[in-house]
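Participant: Right, I'll just put the structure down here and ask away after.
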Amino acid sequence: MSQSQAENKSENGADLRPLYVRSVVNSFGSGTVNPFLSAYAVKLGASASEMGVFQSVSNMAPNLMQIPWGRLSDKLGKRVPLIVLGSVIASVLWIPLMFVASANQLIAVIGVQAVLGSMAAPAWTALMGDLVHPSNRGRITASINRSAAIGSLLATLAAGYFMILVQGTVQQMFFIPLLVAALLGVLSSFVMLFVKEKTNRNNMSAGSIFSLRDLARNVQGNSNFMRFCVASCIFGLFMSMSWPLFSLTTVDVLNASMLEIALIGVVQGAVTIALQPFGGRLVDRVGRRQLMIIYRLGLVLVPVFYALATSVSHLYIASVIFGVLVAFGDIAIFAYLLDVTKEELRGTLSAFFNLVTGIVYFAGSLIGGYLGNYSIGVFGLVLGLQIVYAISAIGRIISGLTFVALKEPYTYPSTLRKELWRVMLKIPSIWERG
């Protein structure tokens, strides 16, 4: 079987093509809107503190109900119904965003959308774990993510160009992109009905879906998972502090247009797309831990670039760096999460991971937003932002080292040094033999 054919088949022989189609169509739809939501909030008059609330809600709301949804997925032994229902709800709720008139209204609608649509996230993670063997998780995850990124990249570029052509209010600029996101989101949801999944019911009782005691027992009984959660939370606090401020730098400091904002995401997406096949194979060849450490420490450069940027071109450079890191980093993290969760508890534990990291992102973004508001008031816009970026960067360096404590649950056929030497010396790697 060729590599391309293998990537279309799951561990149990099920056809993975619906997952690819769903990822492309859904990402094209969301790609018309998601990269511009923070700019939408700024154009509606959001302050630094309001951007902190916006980012916090964006981080926390999708994770509030994930644990019961994840446990329900494990109880039913089925993932597809929750993916379809959650995705449809989230897609339909793009429509109210056409009519918001303030940043607070935007935040409220996004919060409701995230909470109601969150049932799809743990079910999707669990489905990927159910269908893909550990030895191919990096490669297939990279392939699916790459397909999704292509759709998102094209949509973001098209939407950014469209928005600069529209003359009128900010709501009129977003009307067509929001409509496209809603329609394509619903369409992509029903593609999932073609997925053939096996039923693997967990014997938990109906009441235990909401039992915190059972949840605590499941989490504490998995030391690898616990260490992963702790490391991710410590890093996530400092990482998320700078998130609310990126849009203020882009819009208020550098005066970027919607097309330039789109290009920032497109540059990152293009680099990630180009390198993901290599990143996925590298994750499967050398393991996840080393790549996660490099990824986390590399992310220190992002707030540094935003702090020192004097033109949009500097943010394009930051996007190239971020694109390289994401090409293997996100895959390594996702694969490691699947590695350290058992099949019958994968929905539950992935939901718990999303919840605790979401809480941390909520706190970090809120702290960053209010700290930015205070710092800007005292030191001015540019210096005030730079101070918070510096705090975020220093925290990222220190907390990124917590990933050193993680352990690999599997052994791998090569090392990072060997694979990098093969690339530099242009020696074909064993992995290319299929």
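The chains in the structure tokens are called A, B, ... from first to last as shown; in each chain the residues are counted from 1, and the ligands are counted from 1 in the order shown.
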Can you tell me, as a PyMOL selection string, which residues in region 172-252 of chain A count as alpha helix (DSSP H) by DSSP?
Facilitator: chain A and resi 172-191+212-220+223-241+243-248
Participant: Mind dumping the selected residues with C-alpha atoms as a CSV table (one decimal), in the first residue's frame?
Facilitator:
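Result went into selection_1.csv, see below:
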chain,number,residue,atom,x,y,z
A,172,GLN,CA,-21.1,45.0,6.3
A,173,MET,CA,-17.5,44.0,5.8
A,174,PHE,CA,-18.1,40.8,7.8
A,175,PHE,CA,-21.5,39.9,6.4
A,176,ILE,CA,-20.4,37.7,3.5
A,177,PRO,CA,-17.5,36.0,5.4
A,178,LEU,CA,-19.8,35.1,8.3
A,179,LEU,CA,-22.5,33.8,5.9
A,180,VAL,CA,-19.9,31.6,4.1
A,181,ALA,CA,-18.6,30.3,7.5
A,182,ALA,CA,-22.1,29.3,8.6
A,183,LEU,CA,-23.0,27.5,5.3
A,184,LEU,CA,-19.7,25.6,5.0
A,185,GLY,CA,-19.7,24.7,8.7
A,186,VAL,CA,-23.1,23.0,8.4
A,187,LEU,CA,-22.1,21.3,5.1
A,188,SER,CA,-18.8,19.9,6.6
A,189,SER,CA,-20.7,18.5,9.6
A,190,PHE,CA,-22.8,16.2,7.5
A,191,VAL,CA,-19.8,14.8,5.7
A,212,LEU,CA,-16.0,14.8,39.8
A,213,ARG,CA,-14.8,11.9,42.0
A,214,ASP,CA,-14.7,9.5,39.1
A,215,LEU,CA,-12.9,12.1,37.0
A,216,ALA,CA,-10.3,12.8,39.7
A,217,ARG,CA,-9.6,9.1,40.0
A,218,ASN,CA,-9.2,8.7,36.2
A,219,VAL,CA,-6.8,11.7,36.1
A,220,GLN,CA,-4.7,10.8,39.1
A,223,SER,CA,1.0,10.0,35.9
A,224,ASN,CA,2.2,10.7,32.3
A,225,PHE,CA,-1.0,12.6,31.6
A,226,MET,CA,-0.8,14.5,34.9
A,227,ARG,CA,2.7,15.7,34.2
A,228,PHE,CA,1.6,16.7,30.7
A,229,CYS,CA,-1.3,18.8,32.1
A,230,VAL,CA,0.9,20.5,34.7
A,231,ALA,CA,3.6,21.5,32.1
A,232,SER,CA,1.0,22.7,29.6
A,233,CYS,CA,-0.8,24.8,32.2
A,234,ILE,CA,2.3,26.5,33.5
A,235,PHE,CA,3.4,27.4,30.0
A,236,GLY,CA,-0.1,28.3,28.9
A,237,LEU,CA,-0.4,31.0,31.6
A,238,PHE,CA,2.6,33.0,30.3
A,239,MET,CA,1.8,32.2,26.6
A,240,SER,CA,-1.7,33.5,26.8
A,241,MET,CA,-0.7,36.8,28.5
A,243,TRP,CA,-2.6,37.1,23.1
A,244,PRO,CA,-5.0,40.0,23.8
A,245,LEU,CA,-2.3,42.5,22.8
A,246,PHE,CA,-1.3,41.1,19.4
A,247,SER,CA,-4.3,42.8,17.8
A,248,LEU,CA,-3.6,46.1,19.4
Participant: For the interface of region 59-136 of chain A with region 353-369 of chain A (cut-off 6 Å, counting only C-alpha atoms), please tabulate each contacting residue of region 59-136 of chain A alongside its nearest pair of atoms and their separation in Å to one decimal, rows sorted by chain and increasing number, as a tab-separated table.
Facilitator:
residue	atom	partner	partner_atom	distance
A:Asn59	CA	A:Gly358	CA	5.3
A:Met60	CA	A:Gly358	CA	4.7
A:Asn63	CA	A:Leu355	CA	4.7
Participant: So that I can check the surroundings of Leu371 (chain A), please list as a PyMOL selection string every protein, DNA and RNA residue that reaches within 10 Å of it, counting only C-alpha atoms and ignoring chain neighbours fewer than 5 positions away.
Facilitator: chain A and resi 48-49+52+241+365-366+376-377+384-385+387-388
Participant: Out of A:Gly31, A:Gly86, A:Gly395, A:Gly151, which residue has the shortest atom-to-atom distance to Arg296 (chain A) when counting only C-alpha atoms?
Facilitator: A:Gly395
Participant: Between A:Pro122, A:Pro81, A:Pro62, A:Gly329, which has the minimum distance to Phe278 (chain A) (counting only C-alpha atoms)?
Facilitator: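 Closest residue, counting only C-alpha atoms: A:Gly329.
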Participant: Show me, as a VMD selection string, the residues that have an atom within 9 Å of region 288-294 of chain A when counting only C-alpha atoms, minus same-chain residues fewer than 6 positions from it.
Facilitator: chain A and resid 138 282 325 328 to 333 335 to 336 400 to 404 406 to 408 416
Participant: Output C-alpha atoms of each residue in that selection to a file, as a PDB file, in the first residue's frame.
Facilitator:
ATOM      1  CA  GLY A 138       2.177  12.098  13.657  1.00  0.00           C
ATOM      2  CA  LEU A 282       9.688  13.465  12.376  1.00  0.00           C
ATOM      3  CA  LEU A 325       7.275  25.695  14.981  1.00  0.00           C
ATOM      4  CA  PHE A 328       5.879  19.870  14.149  1.00  0.00           C
ATOM      5  CA  GLY A 329       4.923  21.305  17.542  1.00  0.00           C
ATOM      6  CA  ASP A 330       1.134  21.083  17.352  1.00  0.00           C
ATOM      7  CA  ILE A 331       1.376  17.579  15.912  1.00  0.00           C
ATOM      8  CA  ALA A 332       3.716  16.467  18.693  1.00  0.00           C
ATOM      9  CA  ILE A 333       1.375  17.804  21.386  1.00  0.00           C
ATOM     10  CA  ALA A 335       0.029  12.890  19.326  1.00  0.00           C
ATOM     11  CA  TYR A 336       1.363  12.896  22.888  1.00  0.00           C
ATOM     12  CA  GLY A 400       8.960  25.881  28.597  1.00  0.00           C
ATOM     13  CA  LEU A 401      11.592  23.919  30.501  1.00  0.00           C
ATOM     14  CA  THR A 402       8.864  22.076  32.456  1.00  0.00           C
ATOM     15  CA  PHE A 403       8.379  19.855  29.396  1.00  0.00           C
ATOM     16  CA  VAL A 404      11.774  18.280  30.129  1.00  0.00           C
ATOM     17  CA  LEU A 406       7.738  14.464  30.478  1.00  0.00           C
ATOM     18  CA  LYS A 407       8.287  10.783  29.645  1.00  0.00           C
ATOM     19  CA  GLU A 408       7.708   8.989  26.347  1.00  0.00           C
ATOM     20  CA  LEU A 416      16.383  13.941  16.429  1.00  0.00           C
TER      21      LEU A 416
END
Participant: For Gly160 (chain A), find every residue with an atom within 7 Å (counting only C-alpha atoms), except residues of its own chain fewer than 4 positions away, and show them as a ChimeraX atom specification.
Facilitator: /A:156,164,258-259,262
Participant: Using only C-alpha atoms for the distances, tell me which of A:Val300, A:Leu153, A:Val286, A:Ala121 is nearest to Ile391 (chain A).
Facilitator: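 The shortest atom-to-atom distance to Ile391 (chain A) comes from A:Val300.
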Participant: Can you tell me, as a PDB file with C-alpha atoms, in the first residue's frame, what residues are no more than 9 Å from Asn136 (chain A) when counting only C-alpha atoms, ignoring any on the same chain fewer than 5 positions away?
Facilitator:
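Result saved to out_12.pdb:
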ATOM      1  CA  GLU A   7      -3.115   7.911   5.042  1.00  0.00           C
ATOM      2  CA  THR A 141      -2.414  14.078  11.992  1.00  0.00           C
ATOM      3  CA  GLY A 280       4.576  14.527  10.962  1.00  0.00           C
ATOM      4  CA  ARG A 281       7.193  11.980   9.918  1.00  0.00           C
ATOM      5  CA  ASP A 284       6.712   9.445  14.428  1.00  0.00           C
TER       6      ASP A 284
END
